[in-house]
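Working notes, beginning with the structure itself.
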Protein chains: 2
Amino acid sequence: MKTPKQTKKNSIQELAKALRLSPATISRVLNNHPHVHTATRNRVMAFVEKTGYTRNVMASGLRTNKTNTVGLIVPRFSMFVHTEVITTVQNGLHAHGYNLIICQSNDSVDIEKDLARTLYASRVDAVIAACTMFTKDFSHFDILTENNIPVLFYDRVPMQSYGACIIRGDDFRGGFLAASHLVQLGCKRISYISGPLTCNIYIDRYAGFEKALTQHKVPVRKDWIFYHELTADNARKAMHRLFAKPPYPDAIMAANDVTAIAVLEYAKETGIPVPENLRIVGYSNDPRSAIITPSITTIEQFPRNIGNVIVAEVLKLLKSDGGKSAVETEPIIIPVELIRRMST
Amino acid sequence: MKTPKQTKKNSIQELAKALRLSPATISRVLNNHPHVHTATRNRVMAFVEKTGYTRNVMASGLRTNKTNTVGLIVPRFSMFVHTEVITTVQNGLHAHGYNLIICQSNDSVDIEKDLARTLYASRVDAVIAACTMFTKDFSHFDILTENNIPVLFYDRVPMQSYGACIIRGDDFRGGFLAASHLVQLGCKRISYISGPLTCNIYIDRYAGFEKALTQHKVPVRKDWIFYHELTADNARKAMHRLFAKPPYPDAIMAANDVTAIAVLEYAKETGIPVPENLRIVGYSNDPRSAIITPSITTIEQFPRNIGNVIVAEVLKLLKSDGGKSAVETEPIIIPVELIRRMST
DNA sequence: CTGAAAGCGCTAACAC
DNA sequence: GTGTTAGCGCTTTCAG
């Protein structure tokens with residue numbers, strides 16, 4: 001590349017010197033301040049273009065106390081819903097000139113604490129967080145809110161209200177829809193594989209499940225309800241116990257699709273006909289649930305919607321500069337939908 | 001939370017004043033400089049702990065010219081390989097105290113250009129990039145290398161050598177393995193659905209495919225080779241053309257699993273028995289390829305390995321502070337493996 | 001071992 | 001319209 005010599009230092013001072021202007025003027029041009037002569041503006045712009053000068057955002061951030069950067073904490077990138085949300089949020093924020101620092105807690109509360117601190121150290125302008133499955137105490141986010149950095153929770157969120165914007169799926173309704181569907185199909189012996197009840201989403205989905213069953217006078221058997229991390233492994237163990245001896249369940253509701261898929265595979269391996277003898281419903285509409293045979297009935301959470309709402313809200317908070325008062329106190333609930341497939 | 005008053009300004013000066021020390025000393029403690037009295041060090045640490053002081057990395061970054069932040073550009077988060085790589089890289093770098101700014105180009109060269117510039121503006125310490133399918137000219141990364149920010153490419157990388165570390169899968173071998181497998185199964189009429197040949201990975205996979213066929217004297221029919229973005233839609237169109245009139249292919253090799261899945265679904269819908277009349281092989285070992293019925297033979301790229309190598313290399317570059325000379329000139333090639341499944 | 005002082009690159013009053 | 005000046009919060013010589 002024939003870059004001819006190139007001014008060593010890439011600073012506003014250099015531009016100023018070269019153009020025989022003051023740094024202030026350059027800065028004004030760069031920030032589209034009004035009171036600048038069009039001629040000078042053009043001259044500066046041309047030179048900026050030519051030299052490829054790029055503003056040092058650390059310096060300007062230090063001065064203005066803004067970084068144009070947003071932090072995002074998720075349990076894991078690879079969870080379908082989060083992948084989608086991140087995708088949407090990153091595109092949305094980029095379009096508005098914001099960078100995104102994405103972090104994953106790996107569902108570890110300690111890492112989450114660390115991340116909240118690190119993001120504060122970076123003085124991000126806002127933080128978006130989907131918490132750990134186990135986060136009950138949210139005080140590690142205080143350092144952000146106390147320093148006027150707005151925090152926005154989604155998916156796995158604080159249950160008691162917290163001075164932060166909250167966006168979540170309608171998990172109660174999701175659980176209710178899924179369970180009602182099974183009941184309406186005539187299932188009487190419904191097992192539910194839930195995540196740990198430390199987490200709002202599992203609490204709500206369970207509540208929906210219970211409501212549907214009791215409402216239709218279908219018994220809720222405690223020993224058919226499991227609470228554990230929703231891994232394929234745990235799912236298989238649960239299945240093993242359920243099918244150790246009769247009576248067997250006639251339906252399994254799973255609090256996520258990974259579990260539902262593992263359940264289905266177990267059923268296929270052990271020769272339990274699905275949906276004839278066992279109906280299965282999952283949660284999240286992971287693409288795999290559509291592709292497996294038989295395809296799995298599930299709850300669509302519309303992660304792109306969640307992402308778009310997050311973007312809208314975070315921009316609102318960012319605009320309102322300081323943002324304390326602008327916080328939506330009411331959680332924003334994103335509707336869900338049942339997608340019926342072959343497994344029921 | 002009972003935060004009692006809390007010093008308004010969270011700065012080293014405040015600590016200094018409160019502790020009747022100079023900012024310099026505080027800074028030394030924070031940076032583990034040797035020549036500090038243990039007593040003072042402890043006093044400072046205790047106070048830091050108590051007040052929850054957190055260093056402003058913009059200020060220190062401005063001073064030291066380091067941000068402890070690495071930028072990452074991928075085409076899309078949601079592509080399986082990238083999701084895995086990002087996961088590994090983020091965890092790996094976090095463990096070493098680095099933040100990661102993750103960006104997606106959406107396979108747009110313009111966005112990619114923009115991102116390179118933005119990352120430079122953030123003065124990240126290094127950039128990791130998997131390029132757009134269409135990136136032929138890589139000069140938009142020059143701004144980074146010229147300013148001594150090491151750039152490390154992976155997956156989709158510059159073809160002519162570029163002053164940057166390169167890490168990629170063994171795409172030639174992947175293509176070769178997949179095609180050889182089909183040949184060995186006796187397939188004679190093999191169609192190949194490739195991505196555009198602007199991109200190293202597709203060039204190499206194609207070369208592997210061609211080598212395997214010619215080596216075994218299986219004809220390479222130009223009209224059975226497709227070059228287009230590897231979407232499900234395009235795959236279906238290709239299938240439609242292939243099966244418009246005989247002779248029909250007896251195998252389809254796809255340059256990614258999304259395509260292979262779409263091909264399989266098309267076959268299922270139109271009643272072409274797989275693998276009896278049509279064998280299918282994909283690329284990437286997307287989880288869906290394992291779950292669909294029949295499961296799809298594919299090439300495992302070991303994205304976690306790729307991620308780990310990236311982390312190792314990037315840390316090496318970061319250590320060597322300036323990093324120009326430490327650049328691996330030879331590309332690092334990550335081996336691939338054929339995973340045989342039911343579709344062949 | 002600790003302090004004083006300069007400055008990283010930028011912006012925002014305040015002058016003119 | 002433009003320049004001067006004073007920091008943002010931190011690190012780093014250089015003195016002591």
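Within each chain, counting starts at residue 1; across the structure tokens, chains are named A, B, ... in the order shown, with ligands numbered 1 upward in that order.
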
Could you please select, counting only C-alpha atoms (C1' of nucleotides), the residues of chain B within 10 Å of chain D and state them as a list of chain:residue names? B:Asn10, B:Ser11, B:Ile12, B:Gln13, B:Pro23, B:Ala24, B:Ser27, B:Arg28, B:Asn31, B:Arg55, B:Asn56, B:Val57, B:Met58, B:Ala59, B:Ser60, B:Gly61, B:Leu62, B:Arg63, B:Thr64

Find the residues in chain C near chain B: any atom within 8 Å counts, using only C-alpha atoms (C1' of nucleotides). Write them as an mmCIF file with N, CA and C atoms (P, O5', C5', C4', C3', O3' and C1' of nucleotides), in the first residue's frame.
```
data_model
loop_
_atom_site.group_PDB
_atom_site.id
_atom_site.type_symbol
_atom_site.label_atom_id
_atom_site.label_comp_id
_atom_site.auth_asym_id
_atom_site.auth_seq_id
_atom_site.Cartn_x
_atom_site.Cartn_y
_atom_site.Cartn_z
ATOM 1 P P DC C 1 10.719 -0.653 49.818
ATOM 2 O "O5'" DC C 1 10.373 0.881 49.940
ATOM 3 C "C5'" DC C 1 9.336 1.303 50.778
ATOM 4 C "C4'" DC C 1 9.198 2.776 50.577
ATOM 5 C "C3'" DC C 1 7.898 3.213 49.906
ATOM 6 O "O3'" DC C 1 7.118 3.866 50.904
ATOM 7 C "C1'" DC C 1 9.768 4.482 49.151
ATOM 8 P P DT C 2 5.641 4.208 50.693
ATOM 9 O "O5'" DT C 2 5.733 5.650 50.040
ATOM 10 C "C5'" DT C 2 5.973 6.758 50.892
ATOM 11 C "C4'" DT C 2 6.153 7.986 50.049
ATOM 12 C "C3'" DT C 2 4.913 8.431 49.287
ATOM 13 O "O3'" DT C 2 4.471 9.626 49.902
ATOM 14 C "C1'" DT C 2 6.899 8.659 47.995
ATOM 15 P P DG C 3 3.163 10.363 49.350
ATOM 16 O "O5'" DG C 3 3.831 11.499 48.470
ATOM 17 C "C5'" DG C 3 4.691 12.419 49.097
ATOM 18 C "C4'" DG C 3 5.144 13.482 48.111
ATOM 19 C "C3'" DG C 3 4.010 14.163 47.334
ATOM 20 O "O3'" DG C 3 4.330 15.542 47.232
ATOM 21 C "C1'" DG C 3 5.539 13.194 45.812
ATOM 22 P P DC C 8 1.275 14.937 25.131
ATOM 23 O "O5'" DC C 8 0.480 13.615 24.763
ATOM 24 C "C5'" DC C 8 1.021 12.323 25.013
ATOM 25 C "C4'" DC C 8 -0.150 11.370 25.248
ATOM 26 C "C3'" DC C 8 -1.361 11.723 24.398
ATOM 27 O "O3'" DC C 8 -1.364 10.866 23.252
ATOM 28 C "C1'" DC C 8 -1.967 11.310 26.707
ATOM 29 P P DG C 9 -1.315 11.500 21.802
ATOM 30 O "O5'" DG C 9 -2.819 11.956 21.589
ATOM 31 C "C5'" DG C 9 -3.846 10.997 21.582
ATOM 32 C "C4'" DG C 9 -5.170 11.715 21.708
ATOM 33 C "C3'" DG C 9 -5.403 12.791 20.645
ATOM 34 O "O3'" DG C 9 -6.619 12.462 19.998
ATOM 35 C "C1'" DG C 9 -5.903 13.599 22.810
#
```

Spatial neighbours of Ala238 of chain A, 9 Å, only C-alpha atoms (C1' of nucleotides), chain gap at least 6 places, as a list in words: Ile193, Trp224, Phe226 and Val263 of chain A

What is the atom CA of Val274 of chain B-atom CA of Tyr202 of chain B distance in Å, reported with one decimal?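 Straight-line distance from atom CA of Val274 of chain B to atom CA of Tyr202 of chain B works out to 25.1 Å.
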
Taking the DSSP secondary structure from the backbone, can you list the residues of segment 164-268 of chain A that are strand (DSSP E or B), as an MDAnalysis selection string? chainID A and resid 165:169 190:194 225:227 251:254

Chain B contacts on chain A, only C-alpha atoms, 9 Å, as an MDAnalysis selection string: chainID A and resid 1 8 52 54:59 61:62 67 76:78 80 83:84 86:87 90:91 94 99:106 117:123 139 142:143 147 261 287:288 291:293

Mind writing the picked residues with C-alpha atoms as a PDB file, in the first residue's frame?
```
ATOM      1  CA  MET A   1       0.000   0.000   0.000  1.00  0.00           C
ATOM      2  CA  LYS A   8       3.210   9.747  12.812  1.00  0.00           C
ATOM      3  CA  GLY A  52      -7.518   9.075   7.303  1.00  0.00           C
ATOM      4  CA  THR A  54      -9.784   8.875  13.114  1.00  0.00           C
ATOM      5  CA  ARG A  55     -10.783  10.374  16.391  1.00  0.00           C
ATOM      6  CA  ASN A  56      -9.370   8.764  19.494  1.00  0.00           C
ATOM      7  CA  VAL A  57     -12.498   7.848  21.379  1.00  0.00           C
ATOM      8  CA  MET A  58     -10.643   7.277  24.602  1.00  0.00           C
ATOM      9  CA  ALA A  59      -9.577  10.856  24.695  1.00  0.00           C
ATOM     10  CA  GLY A  61     -14.639   9.779  26.073  1.00  0.00           C
ATOM     11  CA  LEU A  62     -12.486  10.850  28.926  1.00  0.00           C
ATOM     12  CA  THR A  67     -17.983   6.091  25.307  1.00  0.00           C
ATOM     13  CA  ARG A  76     -23.922 -18.001  26.787  1.00  0.00           C
ATOM     14  CA  PHE A  77     -23.745 -16.823  23.212  1.00  0.00           C
ATOM     15  CA  SER A  78     -24.677 -20.160  21.891  1.00  0.00           C
ATOM     16  CA  PHE A  80     -30.480 -19.778  20.495  1.00  0.00           C
ATOM     17  CA  THR A  83     -27.669 -15.526  19.660  1.00  0.00           C
ATOM     18  CA  GLU A  84     -30.671 -13.950  18.025  1.00  0.00           C
ATOM     19  CA  ILE A  86     -27.312 -10.307  20.280  1.00  0.00           C
ATOM     20  CA  THR A  87     -27.501 -10.275  16.516  1.00  0.00           C
ATOM     21  CA  GLN A  90     -25.569  -5.431  17.680  1.00  0.00           C
ATOM     22  CA  ASN A  91     -26.977  -4.448  14.316  1.00  0.00           C
ATOM     23  CA  HIS A  94     -24.247  -0.164  15.298  1.00  0.00           C
ATOM     24  CA  ASN A  99     -20.296  -0.261  19.920  1.00  0.00           C
ATOM     25  CA  LEU A 100     -21.187  -3.310  21.867  1.00  0.00           C
ATOM     26  CA  ILE A 101     -18.963  -5.134  24.300  1.00  0.00           C
ATOM     27  CA  ILE A 102     -20.410  -8.597  24.584  1.00  0.00           C
ATOM     28  CA  CYS A 103     -19.626 -10.815  27.535  1.00  0.00           C
ATOM     29  CA  GLN A 104     -20.815 -14.182  28.675  1.00  0.00           C
ATOM     30  CA  SER A 105     -21.134 -15.261  32.258  1.00  0.00           C
ATOM     31  CA  ASN A 106     -21.233 -18.962  31.450  1.00  0.00           C
ATOM     32  CA  ARG A 117     -17.319  -4.366  37.323  1.00  0.00           C
ATOM     33  CA  THR A 118     -15.297  -4.588  34.144  1.00  0.00           C
ATOM     34  CA  LEU A 119     -18.039  -2.899  32.194  1.00  0.00           C
ATOM     35  CA  TYR A 120     -18.099  -0.143  34.743  1.00  0.00           C
ATOM     36  CA  ALA A 121     -14.337   0.172  34.400  1.00  0.00           C
ATOM     37  CA  SER A 122     -14.878   0.672  30.691  1.00  0.00           C
ATOM     38  CA  ARG A 123     -17.423   3.330  31.531  1.00  0.00           C
ATOM     39  CA  SER A 139     -26.445  -5.866  43.829  1.00  0.00           C
ATOM     40  CA  ASP A 142     -25.405  -1.349  41.712  1.00  0.00           C
ATOM     41  CA  ILE A 143     -22.025   0.004  40.804  1.00  0.00           C
ATOM     42  CA  ASN A 147     -22.860   5.830  38.697  1.00  0.00           C
ATOM     43  CA  ILE A 261     -34.870 -32.672  21.863  1.00  0.00           C
ATOM     44  CA  PRO A 287     -34.220 -24.249  14.828  1.00  0.00           C
ATOM     45  CA  ARG A 288     -33.416 -27.827  15.713  1.00  0.00           C
ATOM     46  CA  ILE A 291     -35.881 -29.977  11.878  1.00  0.00           C
ATOM     47  CA  ILE A 292     -35.952 -33.082  13.998  1.00  0.00           C
ATOM     48  CA  THR A 293     -38.378 -35.875  13.146  1.00  0.00           C
TER      49      THR A 293
END
```

Name the residues in contact with Cys165 of chain B at a cut-off of 9 Å, using only C-alpha atoms (C1' of nucleotides), excluding same-chain residues fewer than 6 positions from it; report them as a list in words.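 Within the cut-off, the hits are Pro150, Val151, Leu152, Phe153, Tyr154, Glu313, Val314, Val327, Glu328, Thr329, Glu330, Pro331 and Ile332 of chain B.
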